[in-house]
Structures are given as C-alpha cells and as structure tokens.
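Containing compact mmCIF, C-alpha atoms: model_23.txt.
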# COMPACT_ATOMS: atom_id res chain seq x y z
CA MET A 1 20.12 -115.58 -81.20
CA GLN A 2 21.01 -113.91 -77.94
CA ASP A 3 18.59 -113.82 -75.05
CA VAL A 4 16.84 -110.49 -74.67
CA LEU A 5 16.75 -108.25 -71.59
CA VAL A 6 14.04 -105.60 -71.79
CA VAL A 7 14.47 -102.58 -69.51
CA ILE A 8 11.50 -100.21 -69.49
CA GLY A 9 12.60 -96.86 -68.07
CA THR A 10 16.14 -95.50 -68.45
CA GLY A 11 16.42 -93.61 -65.16
CA GLY A 12 19.02 -94.36 -62.52
CA MET A 13 17.62 -97.77 -61.63
CA GLY A 14 16.99 -98.80 -65.22
CA GLU A 15 20.50 -97.97 -66.37
CA ALA A 16 22.05 -99.70 -63.34
CA ILE A 17 20.00 -102.84 -63.97
CA ALA A 18 20.95 -102.87 -67.65
CA ARG A 19 24.62 -102.61 -66.71
CA ARG A 20 24.39 -105.28 -63.99
CA SER A 21 22.36 -107.85 -65.93
CA GLY A 22 22.79 -106.97 -69.61
CA ALA A 23 26.22 -108.42 -70.43
CA GLY A 24 25.92 -111.24 -72.96
CA GLN A 25 22.30 -110.41 -73.73
CA GLN A 26 20.60 -108.24 -76.32
CA VAL A 27 19.41 -105.27 -74.29
CA LEU A 28 16.24 -103.53 -75.43
CA LEU A 29 15.94 -100.16 -73.71
CA ALA A 30 12.58 -98.40 -73.74
CA ASP A 31 11.54 -94.99 -72.48
CA PHE A 32 9.13 -92.19 -73.30
CA ASP A 33 12.00 -89.70 -73.28
CA GLU A 34 13.86 -90.12 -76.56
CA ALA A 35 16.77 -87.95 -75.41
CA ALA A 36 17.28 -90.17 -72.36
CA LEU A 37 17.07 -93.25 -74.56
CA GLU A 38 19.77 -91.87 -76.85
CA ARG A 39 22.03 -90.90 -73.95
CA VAL A 40 21.80 -94.20 -72.05
CA GLY A 41 21.80 -96.37 -75.17
CA THR A 42 24.91 -94.66 -76.51
CA ALA A 43 26.70 -94.97 -73.17
CA LEU A 44 25.92 -98.68 -72.88
CA ALA A 45 26.92 -99.38 -76.49
CA GLY A 46 30.17 -97.54 -75.88
CA ASP A 47 30.85 -99.87 -72.97
CA GLY A 48 30.36 -102.96 -75.12
CA PHE A 49 26.72 -103.84 -74.50
CA ALA A 50 24.51 -104.97 -77.40
CA VAL A 51 21.76 -102.36 -77.26
CA THR A 52 18.58 -101.56 -79.15
CA THR A 53 16.33 -98.67 -78.17
CA GLN A 54 12.64 -98.06 -78.70
CA GLN A 55 10.46 -95.16 -77.63
CA VAL A 56 7.44 -96.32 -75.63
CA ASP A 57 4.42 -94.87 -73.88
CA VAL A 58 3.60 -97.20 -70.99
CA SER A 59 0.13 -95.64 -70.72
CA SER A 60 -0.71 -96.93 -74.22
CA ARG A 61 -1.51 -100.60 -74.69
CA ASP A 62 -0.72 -100.37 -78.41
CA SER A 63 2.70 -98.91 -77.63
CA MET A 64 3.44 -101.60 -75.05
CA ALA A 65 2.24 -104.36 -77.35
CA ALA A 66 4.56 -103.03 -80.06
CA LEU A 67 7.46 -103.06 -77.60
CA ALA A 68 6.74 -106.66 -76.59
CA ALA A 69 6.55 -107.69 -80.25
CA ALA A 70 9.84 -105.93 -80.99
CA ALA A 71 11.48 -107.72 -78.07
CA ALA A 72 10.27 -111.11 -79.31
CA GLU A 73 11.66 -110.38 -82.79
CA LEU A 74 15.11 -109.80 -81.29
CA GLY A 75 15.26 -113.23 -79.65
CA PRO A 76 13.97 -115.19 -76.67
CA VAL A 77 12.66 -112.64 -74.15
CA ARG A 78 14.45 -113.96 -71.09
CA HIS A 79 14.26 -110.99 -68.73
CA VAL A 80 11.91 -108.01 -68.42
CA VAL A 81 12.36 -105.19 -65.92
CA HIS A 82 9.74 -102.45 -65.64
CA THR A 83 11.20 -99.40 -63.88
CA ALA A 84 9.17 -96.65 -65.55
CA GLY A 85 7.11 -94.49 -63.20
CA LEU A 86 6.24 -91.03 -61.97
CA SER A 87 6.78 -89.72 -58.45
CA PRO A 88 4.21 -87.59 -56.58
CA GLN A 89 6.35 -84.51 -57.18
CA GLN A 90 6.57 -85.11 -60.91
CA ALA A 91 2.96 -85.40 -61.93
CA PRO A 92 -0.67 -84.90 -60.89
CA THR A 93 -2.89 -87.68 -59.60
CA ALA A 94 -4.33 -88.75 -62.95
CA ALA A 95 -0.90 -89.11 -64.57
CA VAL A 96 0.49 -91.06 -61.60
CA LEU A 97 -2.41 -93.52 -61.81
CA THR A 98 -2.17 -93.87 -65.58
CA VAL A 99 1.59 -94.49 -65.64
CA ASP A 100 2.29 -96.19 -62.32
CA LEU A 101 -0.84 -98.32 -62.04
CA TYR A 102 -2.34 -98.88 -65.50
CA GLY A 103 1.06 -98.91 -67.23
CA VAL A 104 2.38 -101.68 -65.01
CA ALA A 105 -0.81 -103.74 -65.39
CA VAL A 106 -0.50 -103.50 -69.18
CA SER A 107 3.20 -104.40 -69.04
CA LEU A 108 2.50 -107.53 -67.03
CA GLU A 109 -0.06 -108.65 -69.59
CA GLU A 110 1.80 -107.80 -72.79
CA PHE A 111 5.13 -109.24 -71.70
CA GLY A 112 3.34 -112.20 -70.13
CA LYS A 113 2.46 -113.14 -73.71
CA VAL A 114 6.06 -113.21 -74.97
CA ILE A 115 8.26 -114.12 -71.98
CA ALA A 116 10.36 -117.17 -72.79
CA PRO A 117 10.30 -120.41 -70.81
CA GLY A 118 12.75 -120.08 -67.96
CA GLY A 119 12.43 -116.32 -68.11
CA ALA A 120 11.75 -113.85 -65.32
CA GLY A 121 10.44 -110.36 -64.82
CA VAL A 122 10.74 -107.66 -62.19
CA VAL A 123 8.46 -104.69 -61.57
CA ILE A 124 9.81 -101.77 -59.58
CA ALA A 125 7.15 -100.90 -57.00
CA SER A 126 7.95 -98.89 -53.83
CA MET A 127 8.14 -99.11 -50.07
CA ALA A 128 5.10 -96.82 -50.22
CA GLY A 129 3.17 -99.87 -51.31
CA ALA A 130 4.56 -101.91 -48.42
CA MET A 131 3.57 -99.18 -45.97
CA ALA A 132 0.05 -99.29 -47.40
CA VAL A 133 -0.43 -102.95 -46.47
CA GLY A 134 -3.39 -103.17 -44.10
CA ARG A 135 -4.40 -99.55 -44.66
CA PHE A 136 -6.76 -100.23 -47.55
CA PRO A 137 -10.07 -102.10 -47.12
CA GLY A 138 -10.05 -105.70 -48.29
CA GLU A 139 -12.54 -105.02 -51.05
CA LEU A 140 -10.31 -102.25 -52.43
CA GLU A 141 -7.27 -104.53 -52.53
CA ALA A 142 -9.36 -107.26 -54.15
CA ALA A 143 -10.42 -104.81 -56.85
CA LEU A 144 -6.84 -103.68 -57.47
CA LEU A 145 -5.77 -107.31 -57.80
CA SER A 146 -8.48 -108.70 -60.07
CA THR A 147 -10.20 -105.90 -62.01
CA PRO A 148 -9.60 -106.23 -65.77
CA THR A 149 -6.84 -103.85 -66.76
CA GLU A 150 -8.96 -101.74 -69.10
CA GLU A 151 -11.45 -101.14 -66.27
CA LEU A 152 -8.92 -100.25 -63.56
CA LEU A 153 -9.01 -96.47 -63.93
CA SER A 154 -12.82 -96.53 -63.86
CA LEU A 155 -12.96 -97.96 -60.34
CA PRO A 156 -14.92 -95.55 -58.10
CA PHE A 157 -12.02 -94.97 -55.71
CA LEU A 158 -9.73 -94.00 -58.61
CA ARG A 159 -12.01 -91.55 -60.37
CA GLU A 160 -11.21 -87.85 -60.53
CA GLY A 161 -11.46 -86.27 -57.09
CA ALA A 162 -11.60 -89.57 -55.20
CA LEU A 163 -7.99 -89.36 -53.98
CA PRO A 164 -6.74 -86.36 -51.99
CA ASP A 165 -3.44 -85.85 -53.81
CA SER A 166 -0.77 -87.42 -56.01
CA GLY A 167 0.99 -88.86 -52.96
CA ALA A 168 -2.07 -90.95 -52.10
CA ALA A 169 -2.33 -92.00 -55.74
CA TYR A 170 1.32 -93.07 -55.72
CA SER A 171 0.93 -95.23 -52.59
CA LEU A 172 -2.19 -96.87 -53.98
CA ALA A 173 -0.58 -97.46 -57.38
CA LYS A 174 2.51 -99.06 -55.85
CA ARG A 175 0.39 -101.32 -53.65
CA ALA A 176 -1.50 -102.24 -56.81
CA ASN A 177 1.81 -103.12 -58.50
CA GLN A 178 2.53 -105.65 -55.76
CA LEU A 179 -0.97 -107.10 -56.02
CA ARG A 180 -0.94 -107.31 -59.82
CA VAL A 181 2.36 -109.20 -59.62
CA HIS A 182 0.70 -111.67 -57.23
CA ALA A 183 -2.07 -112.19 -59.76
CA ALA A 184 0.24 -112.42 -62.78
CA ALA A 185 2.42 -115.16 -61.30
CA ALA A 186 0.12 -117.97 -62.43
CA ASP A 187 -0.09 -116.71 -66.04
CA TRP A 188 3.67 -116.23 -66.24
CA GLY A 189 4.11 -119.62 -64.61
CA ALA A 190 2.02 -121.25 -67.32
CA ARG A 191 4.76 -120.13 -69.73
CA GLY A 192 7.47 -121.49 -67.42
CA ALA A 193 8.46 -118.00 -66.26
CA ARG A 194 8.54 -116.03 -63.01
CA ILE A 195 7.48 -112.50 -62.06
CA ASN A 196 8.26 -110.54 -58.90
CA SER A 197 8.37 -106.96 -57.69
CA ILE A 198 10.97 -104.94 -55.83
CA SER A 199 9.92 -102.19 -53.44
CA PRO A 200 12.80 -99.73 -53.13
CA GLY A 201 13.15 -97.26 -50.28
CA VAL A 202 14.72 -93.84 -50.75
CA ILE A 203 17.18 -94.30 -53.61
CA SER A 204 19.69 -91.73 -54.83
CA THR A 205 18.39 -91.40 -58.38
CA PRO A 206 17.40 -88.10 -60.01
CA MET A 207 13.80 -88.89 -59.07
CA GLY A 208 14.79 -89.67 -55.48
CA GLN A 209 16.85 -86.49 -55.18
CA HIS A 210 13.90 -84.50 -56.56
CA GLU A 211 11.70 -85.94 -53.83
CA LEU A 212 14.32 -85.19 -51.17
CA ALA A 213 14.37 -81.58 -52.30
CA SER A 214 10.59 -81.30 -52.06
CA GLU A 215 8.39 -80.51 -49.08
CA ASN A 216 8.50 -84.24 -48.28
CA GLY A 217 12.28 -84.22 -47.96
CA ALA A 218 12.49 -83.71 -44.20
CA GLY A 219 10.24 -86.70 -43.55
CA MET A 220 12.25 -88.83 -45.95
CA ARG A 221 15.50 -87.93 -44.18
CA THR A 222 13.90 -88.86 -40.86
CA MET A 223 13.07 -92.27 -42.29
CA ILE A 224 16.62 -92.73 -43.56
CA ASP A 225 18.15 -91.71 -40.24
CA GLY A 226 15.83 -94.03 -38.29
CA SER A 227 16.36 -97.05 -40.51
CA GLY A 228 18.57 -100.01 -39.72
CA SER A 229 21.03 -99.12 -42.45
CA GLY A 230 21.03 -95.39 -41.74
CA ARG A 231 21.81 -94.49 -45.34
CA ILE A 232 20.19 -93.65 -48.63
CA GLY A 233 20.02 -96.44 -51.18
CA THR A 234 21.90 -96.53 -54.46
CA PRO A 235 20.83 -97.71 -57.91
CA ALA A 236 23.39 -100.50 -57.49
CA ASP A 237 21.44 -101.79 -54.47
CA ILE A 238 18.37 -102.20 -56.65
CA ALA A 239 20.35 -103.64 -59.56
CA GLY A 240 21.76 -106.30 -57.25
CA ALA A 241 18.30 -107.26 -56.01
CA ALA A 242 17.00 -107.41 -59.57
CA ALA A 243 19.92 -109.60 -60.66
CA PHE A 244 19.06 -112.03 -57.87
CA LEU A 245 15.37 -112.19 -58.78
CA LEU A 246 16.14 -112.59 -62.48
CA GLY A 247 18.76 -115.26 -61.89
CA PRO A 248 18.81 -119.01 -61.18
CA ASP A 249 19.21 -118.61 -57.42
CA ALA A 250 15.62 -117.27 -57.33
CA SER A 251 14.11 -120.11 -59.38
CA PHE A 252 11.60 -120.91 -56.58
CA ILE A 253 10.57 -117.27 -56.04
CA THR A 254 7.62 -115.87 -57.95
CA GLY A 255 4.59 -113.71 -57.27
CA THR A 256 6.17 -111.90 -54.35
CA ASP A 257 7.68 -108.54 -53.39
CA LEU A 258 11.25 -107.93 -52.24
CA LEU A 259 11.51 -104.91 -49.95
CA VAL A 260 14.85 -103.15 -50.50
CA ASP A 261 14.55 -100.11 -48.27
CA GLY A 262 17.46 -100.23 -45.82
CA GLY A 263 15.11 -101.17 -43.00
CA VAL A 264 12.72 -98.19 -43.14
CA VAL A 265 9.49 -100.20 -43.15
CA ALA A 266 10.79 -102.47 -40.39
CA ALA A 267 11.57 -99.42 -38.23
CA VAL A 268 8.12 -97.93 -38.91
CA ARG A 269 6.37 -101.19 -37.97
CA ALA A 270 8.53 -101.54 -34.85
CA GLY A 271 7.67 -98.02 -33.75
CA GLY A 272 11.13 -96.59 -34.28
CA ILE A 273 9.94 -94.12 -36.90
CA GLU A 274 6.73 -92.18 -36.64
CA LEU A 275 5.35 -91.16 -40.00
CA PRO A 276 3.81 -87.70 -40.41
CA GLY A 277 0.08 -87.85 -39.81
CA ALA A 278 0.30 -91.36 -38.35
Any chance you could put this one into structure tokens?
Amino acid sequence: MQDVLVVIGTGGMGEAIARRSGAGQQVLLADFDEAALERVGTALAGDGFAVTTQQVDVSSRDSMAALAAAAAELGPVRHVVHTAGLSPQQAPTAAVLTVDLYGVAVSLEEFGKVIAPGGAGVVIASMAGAMAVGRFPGELEAALLSTPTEELLSLPFLREGALPDSGAAYSLAKRANQLRVHAAAADWGARGARINSISPGVISTPMGQHELASENGAGMRTMIDGSGSGRIGTPADIAGAAAFLLGPDASFITGTDLLVDGGVVAAVRAGGIELPGA
C-alpha cells in the first residue's frame, strides 16, 4: 500500500502542497466545497497523481473522524496537512472561531489517532498568531493550550460579544493553532510522529488577494513593502516549507512554528513597520 498524504483544504496553499509533496503517495484531498474538490482532484489526477477526494466539515468532529478513518483505510497515514481556514473578510467572528480554532484542535486529535510511525503533520497558522505573541495574558494562552477541545468555544473570552470583530478572532485563533501544536507534539510523538505549524505572511492565494482588496489592504501592502523580502509570498513558498517539515531533514523538529512571512514580523519587532493602532 502507498503512504497517504492528507491535505485538508484545497485552496492555493493546499493544492501547491499536494503537488509538491504528493508524488508517489496516495493523496486524500478534503474540503467543504465539493466543486473545489472536484476541480483540484481532477487537475491533480490529470497530472498523474493518485488522488481520492472526500467532502469534510472541519467544524464537525464526526466529519473529521470519518476523514481520519478513510485516510487510514487507504494506507499508512504518513503526512497530514491542515490548510482549511476562514479569513476575517470571509466570515463573522463565530465562524472564524469554529473553523480556524475548533476545527484545527479537532484535526490534531483525530489525526493524532491514526498518524503512522515516522509520520508528520503541518497546520497552517498565520503570522497574525506570531504578532499576537506577548499580547495575550498568560492565563488566556494557558487556556487556549490546554482546555479540552469540546470546551474551547465556551471559554469566557470566546463567547459571543467577547471579541470586537472577526479580525481579533482570527489573530486569537491562529495563536491558538500554534499553542495547540505545542501541546499535541507529545501525543504525536508517542506514536513516533511529528507535528508542526507554519505561519504564512501575505500569500498570493485567492484568500490573500481578497484580503488585499479589502479595507485592510493598504496596511498589508505597507507590511509587504517594509519587509526584508519586499514581496508578496506565493503558494510555492509555503509548499516548500511544508515539504521540509514533512521530510527527513526535519526529523528533530516537532511542536514548533515556522514563520514564513518574508520578514514582516521581524520588521515589526525591529520597529521598521508600525502596525495600525499600535
């Protein structure tokens, strides 16, 4: 049986990761959007990849458990990449928290049950989470890290009306992704597997372009212009980082976050970029 690569989310990053890391593996693509699944799955199959697709709702534990079980039936689950998420411009606060925070926490648990020895996983977080480091009280971060998954959305600071807008929810959810990966590393390690997160900067995906066209676009362009790289990121940049973290050269790396943002966060911390409202 071939090793299995699971890619949850078929947006720009998900498709690029499947193309970069999927050759020679059985690729299981999952997304809520069945039309996107059909489009990307057909394109990959046409290019010679072995592809299976399955519709999934990351906000449903039953749906995620079914996806993990389907992956295990295909073969040894060697690699899992969770890219599914909503941006602040795409959804209201409650949906962002349910998909970006709860959905990732469930994914870490369900795939932590089936990941094969020697396997590895990657969660796509965001530089928004990196920028939030030190901004949240210690007790809040501790709660995001250790609260049982089914109780996460009931935390007082996540209840309806507790956060000012979907942007704040997104930053908190992405910081939570990083923290949940920290916590999951021991459980994945007990199975002989690794788990890490990647925090992308501004990436030229449909989601990224949507954000650039929003009221936040000017600030995002300021960050790009002030960064060390001076450019927008590409899905290939993230696919390359994921390939490294999934591969043998990263065998001693687990429970950590890789910031792939072209130097934006470094410039902010060094004072080269001043964030709005800072």
Taking only residues of region 202-267 of chain A that have an atom at most 12 Å from an atom of region 84-102 of chain A, what is each one's shortest atom pair and its distance in Å to one decimal, using all atoms listed in the file, in chain and number order, as JSON lines?
{"residue": "A:Val202", "atom": "CA", "partner": "A:Ser87", "partner_atom": "CA", "distance": 11.8}
{"residue": "A:Thr205", "atom": "CA", "partner": "A:Ser87", "partner_atom": "CA", "distance": 11.7}
{"residue": "A:Pro206", "atom": "CA", "partner": "A:Ser87", "partner_atom": "CA", "distance": 10.9}
{"residue": "A:Met207", "atom": "CA", "partner": "A:Ser87", "partner_atom": "CA", "distance": 7.1}
{"residue": "A:Gly208", "atom": "CA", "partner": "A:Ser87", "partner_atom": "CA", "distance": 8.5}
{"residue": "A:Gln209", "atom": "CA", "partner": "A:Gln89", "partner_atom": "CA", "distance": 10.9}
{"residue": "A:His210", "atom": "CA", "partner": "A:Gln89", "partner_atom": "CA", "distance": 7.6}
{"residue": "A:Glu211", "atom": "CA", "partner": "A:Gln89", "partner_atom": "CA", "distance": 6.5}
{"residue": "A:Leu212", "atom": "CA", "partner": "A:Gln89", "partner_atom": "CA", "distance": 10.0}
{"residue": "A:Ala213", "atom": "CA", "partner": "A:Gln89", "partner_atom": "CA", "distance": 9.8}
{"residue": "A:Ser214", "atom": "CA", "partner": "A:Gln89", "partner_atom": "CA", "distance": 7.4}
{"residue": "A:Glu215", "atom": "CA", "partner": "A:Gln89", "partner_atom": "CA", "distance": 9.3}
{"residue": "A:Asn216", "atom": "CA", "partner": "A:Gln89", "partner_atom": "CA", "distance": 9.2}
{"residue": "A:Gly217", "atom": "CA", "partner": "A:Gln89", "partner_atom": "CA", "distance": 11.0}
re CA of Leu67 (chain A) and CA of Asp3 (chain A): distance 15.7 Å
CA of Gln178 (chain A) to CA of Leu29 (chain A), distance in Å rounded to a single decimal =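 Going from CA of Gln178 (chain A) over to CA of Leu29 (chain A), I get 23.1 Å.
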Given the choices A:Ala130, A:Leu37, A:Val268, A:Ile195, which gets closest to Gly228 (chain A) if the distance is worked out from all atoms listed in the file?
->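 Looking only at the distances to Gly228 (chain A), the closest residue turns out to be A:Val268.
With all atoms listed in the file as the atoms that count, the minimum distance from Met13 (chain A) to the choices A:Leu144, A:Ala68, A:Ile124, A:Val133 is reached by A:Ile124.
For the pair CA of Gly129 (chain A) and CA of Ala168 (chain A), the interatomic distance is 10.4 Å.
Distance check against Leu172 (chain A) using all atoms listed in the file: of A:Pro137, A:Gly272, A:Pro248, A:Gly121, the minimum falls on A:Pro137.
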Please, can region 135-146 of chain A be completed to all heavy atoms and returned as a PDB file, in the coordinates of the input?
ATOM      1  N   ARG A 135      -3.741-100.850 -44.758  1.00  0.00           N
ATOM      2  CA  ARG A 135      -4.400 -99.550 -44.660  1.00  0.00           C
ATOM      3  C   ARG A 135      -5.606 -99.428 -45.573  1.00  0.00           C
ATOM      4  O   ARG A 135      -6.445 -98.560 -45.385  1.00  0.00           O
ATOM      5  CB  ARG A 135      -3.400 -98.429 -44.967  1.00  0.00           C
ATOM      6  CG  ARG A 135      -2.283 -98.310 -43.944  1.00  0.00           C
ATOM      7  CD  ARG A 135      -1.452 -97.056 -44.168  1.00  0.00           C
ATOM      8  NE  ARG A 135      -0.420 -96.908 -43.141  1.00  0.00           N
ATOM      9  CZ  ARG A 135       0.381 -95.866 -43.032  1.00  0.00           C
ATOM     10  NH1 ARG A 135       0.279 -94.872 -43.901  1.00  0.00           N
ATOM     11  NH2 ARG A 135       1.296 -95.806 -42.081  1.00  0.00           N
ATOM     12  N   PHE A 136      -5.641-100.269 -46.611  1.00  0.00           N
ATOM     13  CA  PHE A 136      -6.760-100.230 -47.550  1.00  0.00           C
ATOM     14  C   PHE A 136      -7.761-101.324 -47.207  1.00  0.00           C
ATOM     15  O   PHE A 136      -7.370-102.427 -46.808  1.00  0.00           O
ATOM     16  CB  PHE A 136      -6.267-100.437 -48.989  1.00  0.00           C
ATOM     17  CG  PHE A 136      -5.347 -99.357 -49.483  1.00  0.00           C
ATOM     18  CD1 PHE A 136      -4.213 -99.671 -50.203  1.00  0.00           C
ATOM     19  CD2 PHE A 136      -5.623 -98.022 -49.242  1.00  0.00           C
ATOM     20  CE1 PHE A 136      -3.363 -98.686 -50.671  1.00  0.00           C
ATOM     21  CE2 PHE A 136      -4.786 -97.016 -49.706  1.00  0.00           C
ATOM     22  CZ  PHE A 136      -3.649 -97.353 -50.423  1.00  0.00           C
ATOM     23  N   PRO A 137      -9.057-101.059 -47.359  1.00  0.00           N
ATOM     24  CA  PRO A 137     -10.070-102.100 -47.120  1.00  0.00           C
ATOM     25  C   PRO A 137      -9.835-103.313 -48.017  1.00  0.00           C
ATOM     26  O   PRO A 137      -9.310-103.191 -49.131  1.00  0.00           O
ATOM     27  CB  PRO A 137     -11.381-101.393 -47.475  1.00  0.00           C
ATOM     28  CG  PRO A 137     -11.096 -99.934 -47.387  1.00  0.00           C
ATOM     29  CD  PRO A 137      -9.654 -99.780 -47.768  1.00  0.00           C
ATOM     30  N   GLY A 138     -10.252-104.471 -47.537  1.00  0.00           N
ATOM     31  CA  GLY A 138     -10.050-105.700 -48.290  1.00  0.00           C
ATOM     32  C   GLY A 138     -10.688-105.671 -49.656  1.00  0.00           C
ATOM     33  O   GLY A 138     -10.109-106.164 -50.633  1.00  0.00           O
ATOM     34  N   GLU A 139     -11.871-105.047 -49.756  1.00  0.00           N
ATOM     35  CA  GLU A 139     -12.540-105.020 -51.050  1.00  0.00           C
ATOM     36  C   GLU A 139     -11.793-104.136 -52.051  1.00  0.00           C
ATOM     37  O   GLU A 139     -11.796-104.387 -53.256  1.00  0.00           O
ATOM     38  CB  GLU A 139     -13.981-104.545 -50.918  1.00  0.00           C
ATOM     39  CG  GLU A 139     -14.177-103.160 -50.319  1.00  0.00           C
ATOM     40  CD  GLU A 139     -14.331-103.170 -48.804  1.00  0.00           C
ATOM     41  OE1 GLU A 139     -13.891-104.150 -48.166  1.00  0.00           O
ATOM     42  OE2 GLU A 139     -14.896-102.200 -48.269  1.00  0.00           O
ATOM     43  N   LEU A 140     -11.097-103.102 -51.556  1.00  0.00           N
ATOM     44  CA  LEU A 140     -10.310-102.250 -52.430  1.00  0.00           C
ATOM     45  C   LEU A 140      -9.107-103.025 -52.966  1.00  0.00           C
ATOM     46  O   LEU A 140      -8.808-102.989 -54.159  1.00  0.00           O
ATOM     47  CB  LEU A 140      -9.866-100.998 -51.685  1.00  0.00           C
ATOM     48  CG  LEU A 140      -9.138 -99.887 -52.475  1.00  0.00           C
ATOM     49  CD1 LEU A 140      -9.335 -98.532 -51.791  1.00  0.00           C
ATOM     50  CD2 LEU A 140      -7.644-100.168 -52.592  1.00  0.00           C
ATOM     51  N   GLU A 141      -8.424-103.743 -52.081  1.00  0.00           N
ATOM     52  CA  GLU A 141      -7.270-104.530 -52.530  1.00  0.00           C
ATOM     53  C   GLU A 141      -7.706-105.618 -53.507  1.00  0.00           C
ATOM     54  O   GLU A 141      -7.012-105.893 -54.488  1.00  0.00           O
ATOM     55  CB  GLU A 141      -6.542-105.130 -51.335  1.00  0.00           C
ATOM     56  CG  GLU A 141      -5.809-104.114 -50.480  1.00  0.00           C
ATOM     57  CD  GLU A 141      -4.500-104.637 -49.915  1.00  0.00           C
ATOM     58  OE1 GLU A 141      -4.312-105.868 -49.915  1.00  0.00           O
ATOM     59  OE2 GLU A 141      -3.654-103.814 -49.496  1.00  0.00           O
ATOM     60  N   ALA A 142      -8.861-106.233 -53.237  1.00  0.00           N
ATOM     61  CA  ALA A 142      -9.360-107.260 -54.150  1.00  0.00           C
ATOM     62  C   ALA A 142      -9.628-106.684 -55.533  1.00  0.00           C
ATOM     63  O   ALA A 142      -9.349-107.318 -56.558  1.00  0.00           O
ATOM     64  CB  ALA A 142     -10.623-107.903 -53.585  1.00  0.00           C
ATOM     65  N   ALA A 143     -10.150-105.460 -55.568  1.00  0.00           N
ATOM     66  CA  ALA A 143     -10.420-104.810 -56.850  1.00  0.00           C
ATOM     67  C   ALA A 143      -9.126-104.479 -57.575  1.00  0.00           C
ATOM     68  O   ALA A 143      -9.017-104.662 -58.800  1.00  0.00           O
ATOM     69  CB  ALA A 143     -11.249-103.545 -56.636  1.00  0.00           C
ATOM     70  N   LEU A 144      -8.128-103.988 -56.854  1.00  0.00           N
ATOM     71  CA  LEU A 144      -6.840-103.680 -57.470  1.00  0.00           C
ATOM     72  C   LEU A 144      -6.178-104.933 -58.038  1.00  0.00           C
ATOM     73  O   LEU A 144      -5.508-104.885 -59.064  1.00  0.00           O
ATOM     74  CB  LEU A 144      -5.908-103.022 -56.463  1.00  0.00           C
ATOM     75  CG  LEU A 144      -6.274-101.613 -55.990  1.00  0.00           C
ATOM     76  CD1 LEU A 144      -5.329-101.169 -54.880  1.00  0.00           C
ATOM     77  CD2 LEU A 144      -6.245-100.614 -57.149  1.00  0.00           C
ATOM     78  N   LEU A 145      -6.395-106.060 -57.392  1.00  0.00           N
ATOM     79  CA  LEU A 145      -5.770-107.310 -57.800  1.00  0.00           C
ATOM     80  C   LEU A 145      -6.439-107.911 -59.028  1.00  0.00           C
ATOM     81  O   LEU A 145      -5.757-108.390 -59.940  1.00  0.00           O
ATOM     82  CB  LEU A 145      -5.793-108.303 -56.638  1.00  0.00           C
ATOM     83  CG  LEU A 145      -5.088-109.647 -56.846  1.00  0.00           C
ATOM     84  CD1 LEU A 145      -4.470-110.129 -55.542  1.00  0.00           C
ATOM     85  CD2 LEU A 145      -6.063-110.707 -57.361  1.00  0.00           C
ATOM     86  N   SER A 146      -7.778-107.868 -59.089  1.00  0.00           N
ATOM     87  CA  SER A 146      -8.480-108.700 -60.070  1.00  0.00           C
ATOM     88  C   SER A 146      -9.268-107.952 -61.137  1.00  0.00           C
ATOM     89  O   SER A 146      -9.726-108.567 -62.094  1.00  0.00           O
ATOM     90  CB  SER A 146      -9.428-109.652 -59.338  1.00  0.00           C
ATOM     91  OG  SER A 146     -10.415-108.924 -58.623  1.00  0.00           O
TER      92      SER A 146
END
